[in-house]
Amino acid sequence: MSQPIKPVHLLLAATVSLSLTAFGCSSTADKAKETTPSTPVASAPTPSAENTNQTTPSIPSGSEQPQAGNSQTAAPPKGSALDYYQQGIASAQKGDLKATEELWRKSIELDPKNAEVHSNMGVLMQRQGKLDEATKEYQEAIRLEPSNPDTRIKLAIALGQQKKLDESIAQSREAIRVKPDFAPAHFVLAAGLSEQGKKDEALTSLTKARDLFKEQGQTQQADKITELMEKVKSEKK
């Protein structure tokens with residue numbers, strides 16, 4: 001009898017590149033004045049010890065990043081939602097996650113319709129192992145911006161970590177529907193399917209992810225998925 005494929009969701013959460021990125025405040029007034037630079041500032045949560053020996057590709061964020069603002073861009077008004085957001089980014093870069101959370105909550109209080117802040121807050125909560133809170137933040141971000149596949153994949157990973165596999169797979173499939181060539185979505189879908197023991201379907205999704213990474217010039221990611229596929233095939237025997 002073949003053994004089930006080893007779960008990859010927890011390790012995926014540790015290696016996938018879900019960086020907190022400055023996108024710019026959703027406030028119309030602030031957007032008219034400001035373009036916030038793209039700044040990666042944090043990684044995803046650490047896996048449990050039982051999964052640390054697995055090898056899983058490091059997947060980049062799927063959404064296009066905005067261009068950094070020019071040097072002549074004025075600073076946001078002090079005490080504005082964008083000001084608190086940028087202060088939170090600076091705190092995250094220093095590793096002060098408590099300050100980041102406080103500042104971003106102030107930003108959300110002033111501008112609750114900023115999907116990006118909610119999404120990044122979700123990453124912050126996920127990094128601290130607060131999966132319920134992370135899920136709520138991702139869901140709010142998706143409610144505000146349902147066409148963003150990147151946030152759906154973050155939610156899919158958080159749901160997978162909570163063993164809510166049907167919901168996780170649904171989010172991955174929706175991300176693929178929104179953006180069929182989004183390679184990370186195919187990879188996360190494979191993770192969910194593998195945890196359900198659906199080996200052939202998982203391999204199909206891994207193959208699609210690998211091929212897309214190759215087409216997009218990300219050969220290192222493609223090679224790592226190829227290695228993972230070989231492990232999955234060996235476990236089927």
# chains A, B, ... in the order shown; residues from 1 in each chain; ligands from 1
call {"tool": "residues_around", "arguments": {"residues": "Asp200 of chain A", "least_positions_apart": "6", "cutoff": "10 Å", "atoms": "only C-alpha atoms", "output": "list in words"}}
result
Ala190, Leu193, Ser194, Leu206, Val232, Lys233 and Lys236 of chain A
call {"tool": "atom_distance", "arguments": {"atom1": "atom CA of Glu133 of chain A", "atom2": "atom CA of Ala183 of chain A"}}
result
26.4 Å
call {"tool": "closest_residue", "arguments": {"among": "A:Leu165, A:Asp223, A:Val117, A:Ala99", "to": "Tyr85 of chain A", "atoms": "only C-alpha atoms"}}
result
A:Val117
call {"tool": "closest_residue", "arguments": {"among": "A:Pro184, A:Gly122, A:Gly129, A:Gly192", "to": "Leu155 of chain A", "atoms": "only C-alpha atoms"}}
result
A:Gly122
call {"tool": "closest_residue", "arguments": {"among": "A:Ala185, A:Ala191, A:Ala141, A:Met229", "to": "Leu203 of chain A", "atoms": "only C-alpha atoms"}}
result
A:Met229
call {"tool": "closest_residue", "arguments": {"among": "A:Asp96, A:Lys214, A:Asp181, A:Phe187", "to": "Glu201 of chain A", "atoms": "only C-alpha atoms"}}
result
A:Phe187
call {"tool": "closest_residue", "arguments": {"among": "A:Asp83, A:Glu137, A:Asp166, A:Glu102", "to": "Lys154 of chain A", "atoms": "only C-alpha atoms"}}
result
A:Glu137
call {"tool": "closest_residue", "arguments": {"among": "A:Lys224, A:Lys94, A:Ala158, A:Val123", "to": "Ala209 of chain A", "atoms": "only C-alpha atoms"}}
result
A:Lys224
call {"tool": "select_by_dssp", "arguments": {"residues": "segment 195-228 of chain A", "states": "alpha helix (DSSP H)", "output": "list of chain:residue names"}}
result
A:Glu195, A:Lys199, A:Asp200, A:Glu201, A:Ala202, A:Leu203, A:Thr204, A:Ser205, A:Leu206, A:Thr207, A:Lys208, A:Ala209, A:Arg210, A:Asp211, A:Leu212, A:Phe213, A:Lys214, A:Glu215, A:Thr219, A:Gln220, A:Gln221, A:Ala222, A:Asp223, A:Lys224, A:Ile225, A:Thr226, A:Glu227, A:Leu228
call {"tool": "write_last_selection", "arguments": {"atoms": "N, CA and C atoms", "output": "CSV table (one decimal), in the first residue's frame"}}
result
chain,number,residue,atom,x,y,z
A,195,GLU,N,-2.1,17.0,0.8
A,195,GLU,CA,-2.5,16.7,2.2
A,195,GLU,C,-3.8,15.9,2.2
A,199,LYS,N,-2.8,12.2,-4.9
A,199,LYS,CA,-1.4,12.3,-5.4
A,199,LYS,C,-1.4,12.7,-6.9
A,200,ASP,N,-2.2,12.1,-7.7
A,200,ASP,CA,-2.1,12.4,-9.1
A,200,ASP,C,-2.5,13.8,-9.4
A,201,GLU,N,-3.6,14.3,-8.7
A,201,GLU,CA,-4.0,15.7,-8.9
A,201,GLU,C,-2.9,16.7,-8.4
A,202,ALA,N,-2.2,16.3,-7.3
A,202,ALA,CA,-1.1,17.1,-6.8
A,202,ALA,C,0.0,17.2,-7.8
A,203,LEU,N,0.3,16.1,-8.4
A,203,LEU,CA,1.4,16.1,-9.4
A,203,LEU,C,1.1,16.9,-10.6
A,204,THR,N,-0.2,16.9,-11.0
A,204,THR,CA,-0.7,17.7,-12.1
A,204,THR,C,-0.5,19.2,-11.8
A,205,SER,N,-0.8,19.6,-10.6
A,205,SER,CA,-0.7,21.0,-10.2
A,205,SER,C,0.8,21.4,-10.1
A,206,LEU,N,1.6,20.4,-9.6
A,206,LEU,CA,3.0,20.7,-9.5
A,206,LEU,C,3.7,20.9,-10.9
A,207,THR,N,3.2,20.0,-11.8
A,207,THR,CA,3.7,20.1,-13.2
A,207,THR,C,3.4,21.5,-13.8
A,208,LYS,N,2.1,21.9,-13.6
A,208,LYS,CA,1.7,23.2,-14.1
A,208,LYS,C,2.5,24.3,-13.5
A,209,ALA,N,2.7,24.3,-12.2
A,209,ALA,CA,3.5,25.3,-11.5
A,209,ALA,C,5.0,25.3,-12.0
A,210,ARG,N,5.6,24.2,-12.2
A,210,ARG,CA,6.9,24.1,-12.7
A,210,ARG,C,7.0,24.7,-14.1
A,211,ASP,N,6.1,24.3,-15.0
A,211,ASP,CA,6.1,24.8,-16.4
A,211,ASP,C,5.9,26.3,-16.4
A,212,LEU,N,5.0,26.9,-15.6
A,212,LEU,CA,4.8,28.3,-15.5
A,212,LEU,C,6.1,29.0,-15.1
A,213,PHE,N,6.7,28.5,-14.0
A,213,PHE,CA,7.9,29.1,-13.6
A,213,PHE,C,9.0,29.1,-14.6
A,214,LYS,N,9.1,28.0,-15.4
A,214,LYS,CA,10.1,28.0,-16.5
A,214,LYS,C,9.7,29.0,-17.5
A,215,GLU,N,8.5,29.1,-17.9
A,215,GLU,CA,8.1,30.1,-18.9
A,215,GLU,C,8.3,31.5,-18.5
A,219,THR,N,13.9,29.8,-13.3
A,219,THR,CA,14.4,28.4,-13.4
A,219,THR,C,14.7,27.8,-12.0
A,220,GLN,N,15.2,28.6,-11.1
A,220,GLN,CA,15.5,28.0,-9.8
A,220,GLN,C,14.3,27.4,-9.1
A,221,GLN,N,13.2,28.2,-9.2
A,221,GLN,CA,11.9,27.7,-8.6
A,221,GLN,C,11.5,26.5,-9.3
A,222,ALA,N,11.6,26.5,-10.7
A,222,ALA,CA,11.2,25.3,-11.5
A,222,ALA,C,12.0,24.1,-11.1
A,223,ASP,N,13.3,24.3,-10.9
A,223,ASP,CA,14.2,23.1,-10.6
A,223,ASP,C,13.8,22.5,-9.2
A,224,LYS,N,13.5,23.4,-8.3
A,224,LYS,CA,13.1,22.9,-6.9
A,224,LYS,C,11.8,22.2,-7.0
A,225,ILE,N,10.9,22.6,-7.8
A,225,ILE,CA,9.6,21.9,-7.9
A,225,ILE,C,9.8,20.5,-8.6
A,226,THR,N,10.8,20.5,-9.5
A,226,THR,CA,11.1,19.2,-10.2
A,226,THR,C,11.6,18.2,-9.1
A,227,GLU,N,12.5,18.7,-8.2
A,227,GLU,CA,13.0,17.9,-7.1
A,227,GLU,C,11.9,17.4,-6.3
A,228,LEU,N,10.9,18.3,-5.9
A,228,LEU,CA,9.8,17.9,-5.1
A,228,LEU,C,8.9,16.8,-5.8
call {"tool": "atom_distance", "arguments": {"atom1": "atom CA of Arg177 of chain A", "atom2": "atom CA of Gln162 of chain A"}}
result
23.4 Å
call {"tool": "residues_around", "arguments": {"residues": "Arg105 of chain A", "least_positions_apart": "6", "cutoff": "10 Å", "atoms": "only C-alpha atoms", "output": "ChimeraX atom specification"}}
result
/A:81,84-85,88,99,111-112,117-118,121
